[in-house]
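Next up, structure-v3.txt (compact mmCIF, C-alpha atoms):
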# COMPACT_ATOMS: atom_id res chain seq x y z
CA MET A 3 -16.92 64.94 -52.50
CA ARG A 4 -15.49 66.78 -55.49
CA PRO A 5 -17.90 67.98 -58.19
CA ILE A 6 -18.81 65.10 -60.47
CA ARG A 7 -20.20 64.59 -63.97
CA ILE A 8 -23.56 62.85 -63.85
CA GLY A 9 -24.92 61.41 -67.08
CA VAL A 10 -28.70 61.10 -67.43
CA ASP A 11 -30.20 58.83 -70.08
CA ILE A 12 -33.13 60.88 -71.42
CA ARG A 13 -34.12 58.62 -74.31
CA ASN A 14 -37.48 57.89 -72.64
CA LEU A 15 -38.32 61.61 -72.83
CA LEU A 16 -38.20 61.61 -76.64
CA THR A 17 -40.73 58.92 -77.50
CA GLY A 18 -43.47 61.36 -78.49
CA LYS A 19 -45.54 61.11 -75.30
CA LEU A 20 -44.59 61.49 -71.65
CA SER A 21 -45.15 58.08 -70.06
CA GLY A 22 -45.00 57.29 -66.35
CA VAL A 23 -41.25 56.75 -66.64
CA GLY A 24 -41.01 60.03 -68.53
CA GLN A 25 -42.82 61.85 -65.74
CA TYR A 26 -40.43 60.30 -63.23
CA THR A 27 -37.43 61.38 -65.32
CA ILE A 28 -38.53 64.97 -65.86
CA GLN A 29 -39.60 65.50 -62.24
CA THR A 30 -36.39 63.99 -60.89
CA LEU A 31 -34.33 66.17 -63.21
CA ARG A 32 -36.35 69.27 -62.31
CA HIS A 33 -35.64 68.83 -58.61
CA LEU A 34 -32.06 67.63 -58.96
CA LEU A 35 -31.25 70.77 -60.90
CA ARG A 36 -33.05 72.86 -58.30
CA ILE A 37 -31.13 71.47 -55.32
CA ASP A 38 -27.74 70.77 -56.92
CA LYS A 39 -25.73 73.64 -58.41
CA VAL A 40 -22.36 71.96 -57.90
CA ASN A 41 -22.33 68.94 -60.19
CA THR A 42 -22.62 68.82 -63.97
CA TYR A 43 -25.55 66.97 -65.52
CA VAL A 44 -24.97 65.53 -68.99
CA LEU A 45 -28.19 64.71 -70.83
CA PHE A 46 -27.66 61.88 -73.30
CA TYR A 47 -29.77 60.63 -76.22
CA ASN A 48 -29.42 59.12 -79.69
CA SER A 49 -29.75 61.64 -82.51
CA TYR A 50 -31.88 59.86 -85.08
CA ARG A 51 -34.60 60.95 -87.47
CA ASP A 52 -36.68 63.66 -85.73
CA LEU A 53 -35.25 63.23 -82.21
CA ASP A 54 -33.32 66.51 -82.36
CA GLU A 55 -36.59 68.35 -83.05
CA ARG A 56 -38.26 66.48 -80.21
CA PHE A 57 -35.46 67.47 -77.87
CA GLU A 58 -35.82 71.12 -78.81
CA GLN A 59 -39.54 70.92 -78.06
CA LEU A 60 -38.75 69.24 -74.75
CA VAL A 61 -36.50 72.15 -73.78
CA LYS A 62 -39.23 74.63 -74.71
CA ASP A 63 -41.66 72.76 -72.49
CA TYR A 64 -39.13 72.41 -69.64
CA PRO A 65 -36.71 75.38 -69.77
CA PHE A 66 -34.83 74.20 -66.64
CA LEU A 67 -33.11 71.67 -68.94
CA ARG A 68 -30.99 74.64 -70.11
CA SER A 69 -29.58 75.26 -66.61
CA SER A 70 -25.98 76.45 -66.44
CA ASN A 71 -24.75 73.11 -65.09
CA VAL A 72 -26.40 71.08 -67.88
CA GLU A 73 -24.64 69.74 -70.96
CA VAL A 74 -26.32 67.91 -73.82
CA LYS A 75 -24.52 65.11 -75.60
CA LYS A 76 -26.01 63.08 -78.40
CA SER A 77 -24.76 60.13 -80.39
CA ARG A 78 -25.21 59.49 -84.07
CA TRP A 79 -25.93 55.83 -83.46
CA ILE A 80 -28.88 54.62 -85.50
CA ASN A 81 -31.76 53.99 -83.13
CA PHE A 82 -32.81 50.73 -84.76
CA PRO A 83 -33.67 48.04 -82.18
CA LEU A 84 -32.02 45.06 -83.88
CA LEU A 85 -28.86 47.00 -84.62
CA ILE A 86 -28.71 48.35 -81.07
CA HIS A 87 -29.21 44.81 -79.79
CA ALA A 88 -26.37 43.54 -81.98
CA LEU A 89 -23.93 46.25 -80.88
CA TYR A 90 -24.89 46.88 -77.26
CA LYS A 91 -25.28 43.35 -75.99
CA PRO A 92 -22.51 41.14 -77.40
CA LEU A 93 -19.99 43.90 -78.18
CA ASN A 94 -20.82 46.23 -75.26
CA TRP A 95 -19.99 49.10 -77.59
CA PRO A 96 -19.95 52.04 -78.23
CA LYS A 97 -19.42 53.46 -74.73
CA ALA A 98 -21.95 56.14 -73.82
CA ASP A 99 -19.76 57.77 -71.17
CA PHE A 100 -17.07 58.37 -73.82
CA ALA A 101 -19.70 59.98 -76.05
CA CYS A 102 -20.55 62.24 -73.10
CA GLY A 103 -16.99 63.46 -72.73
CA GLY A 104 -16.32 61.30 -69.70
CA LEU A 105 -18.65 60.64 -66.76
CA ASP A 106 -18.31 59.67 -63.13
CA VAL A 107 -21.73 58.03 -63.13
CA MET A 108 -24.65 57.35 -65.46
CA PHE A 109 -28.16 57.68 -64.01
CA MET A 110 -30.61 55.41 -65.82
CA PRO A 111 -34.22 56.47 -64.98
CA SER A 112 -35.32 53.03 -66.21
CA PRO A 113 -33.44 49.88 -67.24
CA GLN A 114 -32.19 50.20 -70.82
CA MET A 115 -29.24 48.82 -72.70
CA LEU A 116 -26.40 51.33 -72.71
CA PRO A 117 -22.73 50.30 -72.80
CA LEU A 118 -20.49 52.05 -70.28
CA SER A 119 -16.76 51.86 -69.65
CA ARG A 120 -15.30 50.43 -66.46
CA LYS A 121 -14.54 53.97 -65.28
CA CYS A 122 -18.23 54.91 -65.07
CA ALA A 123 -20.54 54.01 -62.17
CA LYS A 124 -24.20 53.23 -62.85
CA VAL A 125 -27.44 53.91 -60.97
CA THR A 126 -30.60 52.32 -62.38
CA THR A 127 -34.20 52.91 -61.30
CA PHE A 128 -36.59 49.97 -61.50
CA HIS A 129 -40.27 50.89 -61.64
CA ASP A 130 -41.65 47.38 -61.96
CA LEU A 131 -40.85 43.90 -63.23
CA ILE A 132 -44.23 43.17 -64.75
CA PHE A 133 -42.68 41.57 -67.86
CA LEU A 134 -41.09 38.89 -65.69
CA ILE A 135 -44.16 38.41 -63.47
CA TYR A 136 -47.00 38.64 -66.01
CA PRO A 137 -45.61 38.00 -69.52
CA LYS A 138 -49.16 37.13 -70.67
CA TYR A 139 -50.02 40.83 -70.59
CA PHE A 140 -47.61 41.50 -73.46
CA THR A 141 -47.77 40.79 -77.18
CA TYR A 142 -45.06 38.65 -78.74
CA SER A 143 -43.22 41.70 -80.11
CA SER A 144 -43.43 43.44 -76.71
CA ARG A 145 -42.05 40.33 -75.01
CA LEU A 146 -39.14 40.28 -77.46
CA TRP A 147 -38.39 43.94 -76.78
CA GLN A 148 -38.61 43.51 -73.02
CA TRP A 149 -36.47 40.37 -73.14
CA GLN A 150 -33.62 42.14 -74.87
CA MET A 151 -33.60 44.79 -72.14
CA ASN A 152 -32.30 42.05 -69.84
CA TYR A 153 -33.48 43.43 -66.49
CA PRO A 154 -31.50 40.89 -64.42
CA TYR A 155 -28.28 42.00 -66.12
CA GLU A 156 -29.04 45.69 -65.60
CA ALA A 157 -29.76 45.09 -61.92
CA ARG A 158 -26.61 43.00 -61.47
CA THR A 159 -24.31 45.52 -63.18
CA SER A 160 -25.64 48.63 -61.42
CA ASP A 161 -23.63 49.96 -58.49
CA ILE A 162 -26.87 51.15 -56.91
CA VAL A 163 -30.39 50.03 -57.82
CA ILE A 164 -33.30 52.34 -56.98
CA ALA A 165 -36.67 50.67 -56.35
CA VAL A 166 -39.69 52.98 -56.33
CA SER A 167 -41.48 50.86 -53.70
CA GLU A 168 -40.83 48.07 -51.24
CA ALA A 169 -42.97 45.83 -53.44
CA THR A 170 -40.69 46.51 -56.40
CA LYS A 171 -37.64 45.88 -54.21
CA LYS A 172 -39.02 42.45 -53.31
CA ASP A 173 -39.56 41.72 -57.01
CA ILE A 174 -36.00 42.77 -57.84
CA LEU A 175 -34.64 40.42 -55.19
CA ARG A 176 -36.90 37.63 -56.45
CA PHE A 177 -36.08 37.89 -60.14
CA THR A 178 -32.52 39.23 -60.29
CA ARG A 179 -29.18 38.73 -58.60
CA ALA A 180 -28.98 42.30 -57.38
CA ARG A 181 -27.38 42.60 -53.96
CA ALA A 182 -29.87 43.52 -51.25
CA ASP A 183 -27.38 45.96 -49.72
CA ARG A 184 -27.18 47.86 -53.02
CA ILE A 185 -30.93 48.48 -53.41
CA ARG A 186 -32.40 51.77 -52.20
CA THR A 187 -36.17 52.25 -51.96
CA ILE A 188 -36.98 55.80 -53.04
CA PRO A 189 -40.70 56.52 -53.60
CA GLU A 190 -41.88 58.91 -56.28
CA GLY A 191 -43.52 62.24 -55.49
CA VAL A 192 -46.50 64.39 -56.42
CA GLY A 193 -46.15 67.62 -58.37
CA GLU A 194 -47.31 70.77 -56.60
CA GLU A 195 -49.65 71.53 -59.49
CA TYR A 196 -51.90 68.66 -58.37
CA PHE A 197 -52.63 70.29 -55.00
CA ALA A 198 -53.87 73.56 -56.50
CA VAL A 199 -57.61 73.77 -57.20
CA PRO A 200 -58.11 74.52 -60.93
CA PRO A 201 -59.95 77.74 -61.75
CA PRO A 202 -63.69 77.27 -62.43
CA GLU A 203 -63.31 78.30 -66.07
CA LEU A 204 -60.80 75.46 -66.66
CA LEU A 205 -63.08 72.92 -65.01
CA LEU A 206 -65.96 74.05 -67.22
CA ALA A 207 -63.80 74.12 -70.37
CA VAL A 208 -62.57 70.56 -69.83
CA LYS A 209 -66.09 69.35 -69.09
CA ALA A 210 -67.33 70.94 -72.33
CA LYS A 211 -64.37 69.76 -74.44
CA PHE A 212 -64.88 66.09 -73.58
CA ASN A 213 -68.65 66.27 -73.06
CA LEU A 214 -68.29 65.00 -69.50
CA PRO A 215 -71.37 64.22 -67.40
CA ASP A 216 -71.99 65.79 -64.00
CA LYS A 217 -71.10 62.53 -62.23
CA TYR A 218 -68.50 60.07 -63.44
CA LEU A 219 -65.87 57.57 -62.37
CA PHE A 220 -62.42 58.21 -63.75
CA PHE A 221 -59.47 56.16 -64.97
CA VAL A 222 -56.30 57.43 -66.64
CA GLY A 223 -53.49 55.40 -68.16
CA ASN A 224 -52.76 52.98 -70.96
CA ILE A 225 -55.72 50.84 -71.91
CA GLU A 226 -54.13 47.40 -71.57
CA PRO A 227 -54.90 44.12 -69.75
CA ARG A 228 -52.72 44.88 -66.71
CA LYS A 229 -54.96 47.81 -65.81
CA ASN A 230 -57.86 45.39 -65.35
CA LEU A 231 -60.50 47.66 -66.83
CA SER A 232 -62.72 44.69 -67.60
CA THR A 233 -63.43 44.45 -63.86
CA VAL A 234 -64.50 48.12 -63.86
CA ILE A 235 -66.83 47.44 -66.79
CA ARG A 236 -68.44 44.50 -65.00
CA ALA A 237 -68.84 46.63 -61.84
CA LEU A 238 -70.47 49.37 -63.91
CA TYR A 239 -72.90 46.80 -65.32
CA GLU A 240 -73.62 45.50 -61.81
CA LEU A 241 -74.44 49.04 -60.68
CA LYS A 242 -76.71 49.55 -63.65
CA LEU A 243 -78.69 46.44 -62.72
CA SER A 244 -78.98 47.20 -59.02
CA SER A 245 -79.27 50.97 -58.78
CA SER A 246 -81.33 53.70 -60.32
CA ASP A 247 -78.50 56.17 -59.62
CA THR A 248 -76.54 55.56 -62.81
CA ILE A 249 -73.01 56.82 -63.29
CA LYS A 250 -70.72 56.92 -66.32
CA LEU A 251 -67.07 55.91 -66.65
CA VAL A 252 -64.49 58.22 -68.24
CA LEU A 253 -61.34 56.53 -69.58
CA ALA A 254 -58.46 58.89 -70.38
CA GLY A 255 -55.52 57.33 -72.18
CA GLY A 256 -54.44 55.64 -75.35
CA LYS A 257 -55.35 52.17 -76.56
CA SER A 258 -52.36 49.96 -76.01
CA TRP A 259 -52.01 46.25 -76.66
CA LEU A 260 -54.44 43.33 -76.17
CA ALA A 261 -57.33 45.71 -75.45
CA ASP A 262 -59.92 44.28 -77.87
CA ASP A 263 -61.62 42.20 -75.15
CA LEU A 264 -62.45 45.38 -73.24
CA TYR A 265 -64.24 46.96 -76.20
CA GLN A 266 -66.06 43.68 -76.85
CA ALA A 267 -67.26 43.52 -73.23
CA ILE A 268 -68.57 47.09 -73.43
CA ASP A 269 -70.58 46.18 -76.54
CA GLU A 270 -71.88 42.88 -75.14
CA LEU A 271 -73.06 44.47 -71.88
CA GLY A 272 -74.73 47.37 -73.67
CA LEU A 273 -72.55 50.03 -72.05
CA LYS A 274 -71.45 52.01 -75.11
CA ASP A 275 -73.35 55.07 -73.88
CA ASP A 276 -71.96 54.72 -70.36
CA VAL A 277 -68.24 54.69 -71.18
CA ILE A 278 -66.48 57.79 -72.53
CA PHE A 279 -63.05 57.46 -74.17
CA THR A 280 -61.22 60.78 -74.23
CA GLY A 281 -57.89 59.65 -75.67
CA TRP A 282 -54.71 61.22 -74.28
CA VAL A 283 -55.21 64.35 -72.20
CA THR A 284 -52.81 67.04 -71.00
CA GLU A 285 -51.66 67.25 -67.40
CA GLN A 286 -53.95 70.21 -66.73
CA GLU A 287 -56.90 68.40 -68.29
CA LYS A 288 -56.15 65.34 -66.18
CA ILE A 289 -56.02 67.44 -63.02
CA ALA A 290 -59.35 69.06 -63.89
CA MET A 291 -60.93 65.65 -64.56
CA LEU A 292 -59.70 64.32 -61.21
CA HIS A 293 -61.15 67.31 -59.36
CA ASN A 294 -64.55 66.76 -61.03
CA ALA A 295 -64.66 62.96 -60.64
CA GLU A 296 -66.66 61.05 -58.06
CA ALA A 297 -63.76 58.63 -57.69
CA LEU A 298 -60.66 57.25 -59.37
CA VAL A 299 -61.03 53.53 -60.08
CA PHE A 300 -57.66 51.79 -60.28
CA PRO A 301 -57.99 47.99 -59.89
CA SER A 302 -54.70 47.08 -61.58
CA HIS A 303 -53.35 43.55 -61.44
CA TYR A 304 -49.89 44.99 -60.83
CA GLU A 305 -48.23 48.38 -60.32
CA GLY A 306 -44.64 49.08 -59.39
CA PHE A 307 -45.71 52.25 -57.59
CA GLY A 308 -49.12 53.64 -58.56
CA LEU A 309 -48.41 57.36 -58.83
CA MET A 310 -51.91 57.93 -60.19
CA ILE A 311 -53.30 57.18 -56.72
CA LEU A 312 -51.27 59.96 -55.11
CA GLU A 313 -52.19 62.40 -57.87
CA ALA A 314 -55.88 61.67 -57.23
CA PHE A 315 -55.35 62.16 -53.48
CA ALA A 316 -53.75 65.55 -54.14
CA CYS A 317 -56.73 66.49 -56.32
CA ARG A 318 -59.13 65.62 -53.46
CA CYS A 319 -60.51 62.70 -55.44
CA PRO A 320 -61.43 59.50 -53.55
CA VAL A 321 -59.70 56.33 -54.74
CA ILE A 322 -60.79 52.71 -55.11
CA CYS A 323 -57.83 50.50 -55.98
CA SER A 324 -56.78 46.86 -55.89
CA ASN A 325 -55.10 45.35 -52.86
CA VAL A 326 -52.08 43.87 -54.66
CA SER A 327 -48.43 44.73 -55.43
CA SER A 328 -47.44 48.27 -54.37
CA LEU A 329 -50.92 49.79 -54.21
CA PRO A 330 -51.70 49.16 -50.50
CA GLU A 331 -48.21 50.45 -49.68
CA VAL A 332 -48.86 53.72 -51.51
CA ALA A 333 -52.52 54.18 -50.57
CA GLY A 334 -52.20 53.41 -46.87
CA ASP A 335 -55.59 53.75 -45.17
CA ALA A 336 -56.70 56.57 -47.48
CA ALA A 337 -58.34 54.44 -50.21
CA LEU A 338 -60.92 51.68 -50.51
CA LEU A 339 -59.19 48.42 -51.46
CA VAL A 340 -60.64 45.51 -53.42
CA GLU A 341 -59.49 42.17 -54.86
CA PRO A 342 -58.62 42.72 -58.55
CA GLN A 343 -61.27 40.30 -59.86
CA ASP A 344 -64.02 41.19 -57.36
CA TYR A 345 -66.28 43.29 -59.58
CA LYS A 346 -69.15 43.01 -57.10
CA GLY A 347 -66.95 44.34 -54.31
CA LEU A 348 -65.85 47.18 -56.58
CA ALA A 349 -69.50 47.97 -57.34
CA ARG A 350 -70.29 48.05 -53.60
CA HIS A 351 -67.41 50.45 -52.94
CA ILE A 352 -68.60 52.74 -55.74
CA GLN A 353 -72.13 52.69 -54.38
CA SER A 354 -70.85 53.50 -50.89
CA LEU A 355 -68.98 56.54 -52.16
CA LEU A 356 -72.02 57.77 -54.09
CA GLU A 357 -74.36 57.40 -51.11
CA ASN A 358 -72.15 58.11 -48.08
CA ARG A 359 -70.87 61.68 -48.22
CA GLU A 360 -69.17 61.34 -44.82
CA LEU A 361 -67.11 58.42 -46.15
CA ARG A 362 -66.18 60.56 -49.12
CA ARG A 363 -65.09 63.48 -46.91
CA THR A 364 -63.01 61.15 -44.72
CA LEU A 365 -61.21 59.60 -47.70
CA VAL A 366 -60.57 63.00 -49.29
CA ALA A 367 -59.01 64.33 -46.07
CA LYS A 368 -56.88 61.22 -45.52
CA GLY A 369 -55.82 61.13 -49.16
CA TYR A 370 -54.75 64.75 -49.24
CA GLU A 371 -52.63 64.25 -46.11
CA ARG A 372 -51.17 61.06 -47.57
CA ALA A 373 -50.19 62.78 -50.81
CA ARG A 374 -48.32 65.49 -48.88
CA TYR A 375 -46.03 62.79 -47.49
CA PHE A 376 -44.64 62.05 -50.98
CA SER A 377 -42.37 64.78 -52.32
CA TRP A 378 -40.35 64.98 -55.54
CA GLU A 379 -37.82 67.15 -53.72
CA ARG A 380 -37.30 64.48 -51.07
CA SER A 381 -37.08 61.85 -53.80
CA ALA A 382 -34.47 63.90 -55.70
CA LYS A 383 -32.33 64.43 -52.58
CA ARG A 384 -32.29 60.71 -51.88
CA THR A 385 -31.53 60.00 -55.55
CA LEU A 386 -28.54 62.35 -55.35
CA ASP A 387 -27.37 60.49 -52.25
CA ALA A 388 -27.64 57.22 -54.19
CA ILE A 389 -25.62 58.72 -57.05
CA TYR A 390 -22.84 59.79 -54.69
CA GLU A 391 -22.91 56.38 -53.06
CA ALA A 392 -22.55 54.65 -56.44
CA VAL A 393 -19.48 56.74 -57.30
CA GLU A 394 -17.91 55.82 -53.95
CA ILE A 395 -18.64 52.13 -54.38
CA HIS A 396 -17.35 52.09 -57.95
CA GLY A 397 -14.10 53.71 -56.90
CA GLU A 398 -13.34 51.12 -54.23

Render the structure in this file as structure tokens.
Amino acid sequence: MRPIRIGVDIRNLLTGKLSGVGQYTIQTLRHLLRIDKVNTYVLFYNSYRDLDERFEQLVKDYPFLRSSNVEVKKSRWINFPLLIHALYKPLNWPKADFACGGLDVMFMPSPQMLPLSRKCAKVTTFHDLIFLIYPKYFTYSSRLWQWQMNYPYEARTSDIVIAVSEATKKDILRFTRARADRIRTIPEGVGEEYFAVPPPELLLAVKAKFNLPDKYLFFVGNIEPRKNLSTVIRALYELKLSSSDTIKLVLAGGKSWLADDLYQAIDELGLKDDVIFTGWVTEQEKIAMLHNAEALVFPSHYEGFGLMILEAFACRCPVICSNVSSLPEVAGDAALLVEPQDYKGLARHIQSLLENRELRRTLVAKGYERARYFSWERSAKRTLDAIYEAVEIHGE
């Protein structure tokens, strides 16, 4: 195929913090630009308020975004949600591929409204459909925002849809009219930095910075109802009642929405001294915390992929996760699985890991091998194949 112009919607990289979708976007771009020197990649975002400054910082953090086959195109469209909704949805204007100087295809790392002309193919990655499955986990304003994204429309109008797991593919088929023959399941990968053992001085520095205990359970992510941290708190309380070998819980991440019940439960159960909130941490700090942790606890009600499990595996950290959605698919036989609401079962799994060192060694070995199976380079190659396929389909 002739060289093509591939647009990449990078708006999710300029929100002020690198979310899970942001990590997916930056890692996919990193490896696409490493393996593909033929095509031109056009990075697109709305220039509004301080977003130009944020983009410049992004380039400093990730210099590969200045590769010779990269162009940057920005619009001057005001990034105000209601105005975007009014222009993008009913008017389907202005056309982003025109703003980019013409594109063969636009790669959307997550479903977002973005008008395109009929000349431009579209590839959209779906990470999950939690808004459609569990709307109760969102505030009213979040529901309104998610509704206007119109996931079914984005799936239906994409030439190729990428699902990050088979579980997400099933959800796409259940909730949208996307064609089954146009969906490609392409798992995410694990960065090589997770496999490297941090130097002792970093491990000690992180421990001192956050006042971490010698033994702790670890969770990282948004503190929100979907993550099911209330079950972890109840398990921690169960352990405190039944065992003299106490252990603390370290929660790394920012408070999101509908999280007040968690803080109330911690107070009511008398666990304020047993739960450590670190706030957001850097990638290197997260890696160090995983290496030092007794286990990652991840009993989510729903995950479209569950990358955190693989990152823990790579860091030689045992994992206890729920047995729903994509998590068994990702974890394989390398983690201990539990029903999301079974806090007593979670407590038993934690106790087993603390007491049975052979079980711990087995899970660490299996997890490390499992993590090696998931590669960002392999994911990027398959994504490039999907992009080529979309251009072919669109031209028919």

In terms of all atoms listed in the file, the residue from A:Pro137, A:Pro200, A:Gly24, A:Pro320 at minimal distance from Met110 in chain A is A:Gly24

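Proximity of A:Arg184, A:Lys172, A:Lys211, A:Arg372 to Glu391 in chain A, computed with only C-alpha atoms, is greatest for A:Arg184.
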
Leaving out Glu331 in chain A and any residue of its chain fewer than 3 positions from it, which residues lie within 12 Å of it when counting all atoms listed in the file, given as a VMD selection string?
chain A and resid 166 to 170 189 305 to 309 311 to 312 323 to 328 334 to 337 339 372

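Taking CA of Ala198 in chain A and CA of Val340 in chain A as endpoints, the distance between them is 29.0 Å.
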
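Counting only C-alpha atoms and comparing A:His303, A:Lys76, A:Lys209, A:Arg374, the residue that lies closest to Phe197 in chain A is A:Arg374.
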
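For the set A:Leu355, A:Val72, A:Leu273, A:Val125, the residue with the smallest atom-to-atom gap to Tyr390 in chain A is A:Val125, counting only C-alpha atoms.
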
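We find CA of Leu205 in chain A and CA of Val252 in chain A to be spaced 15.1 Å apart.
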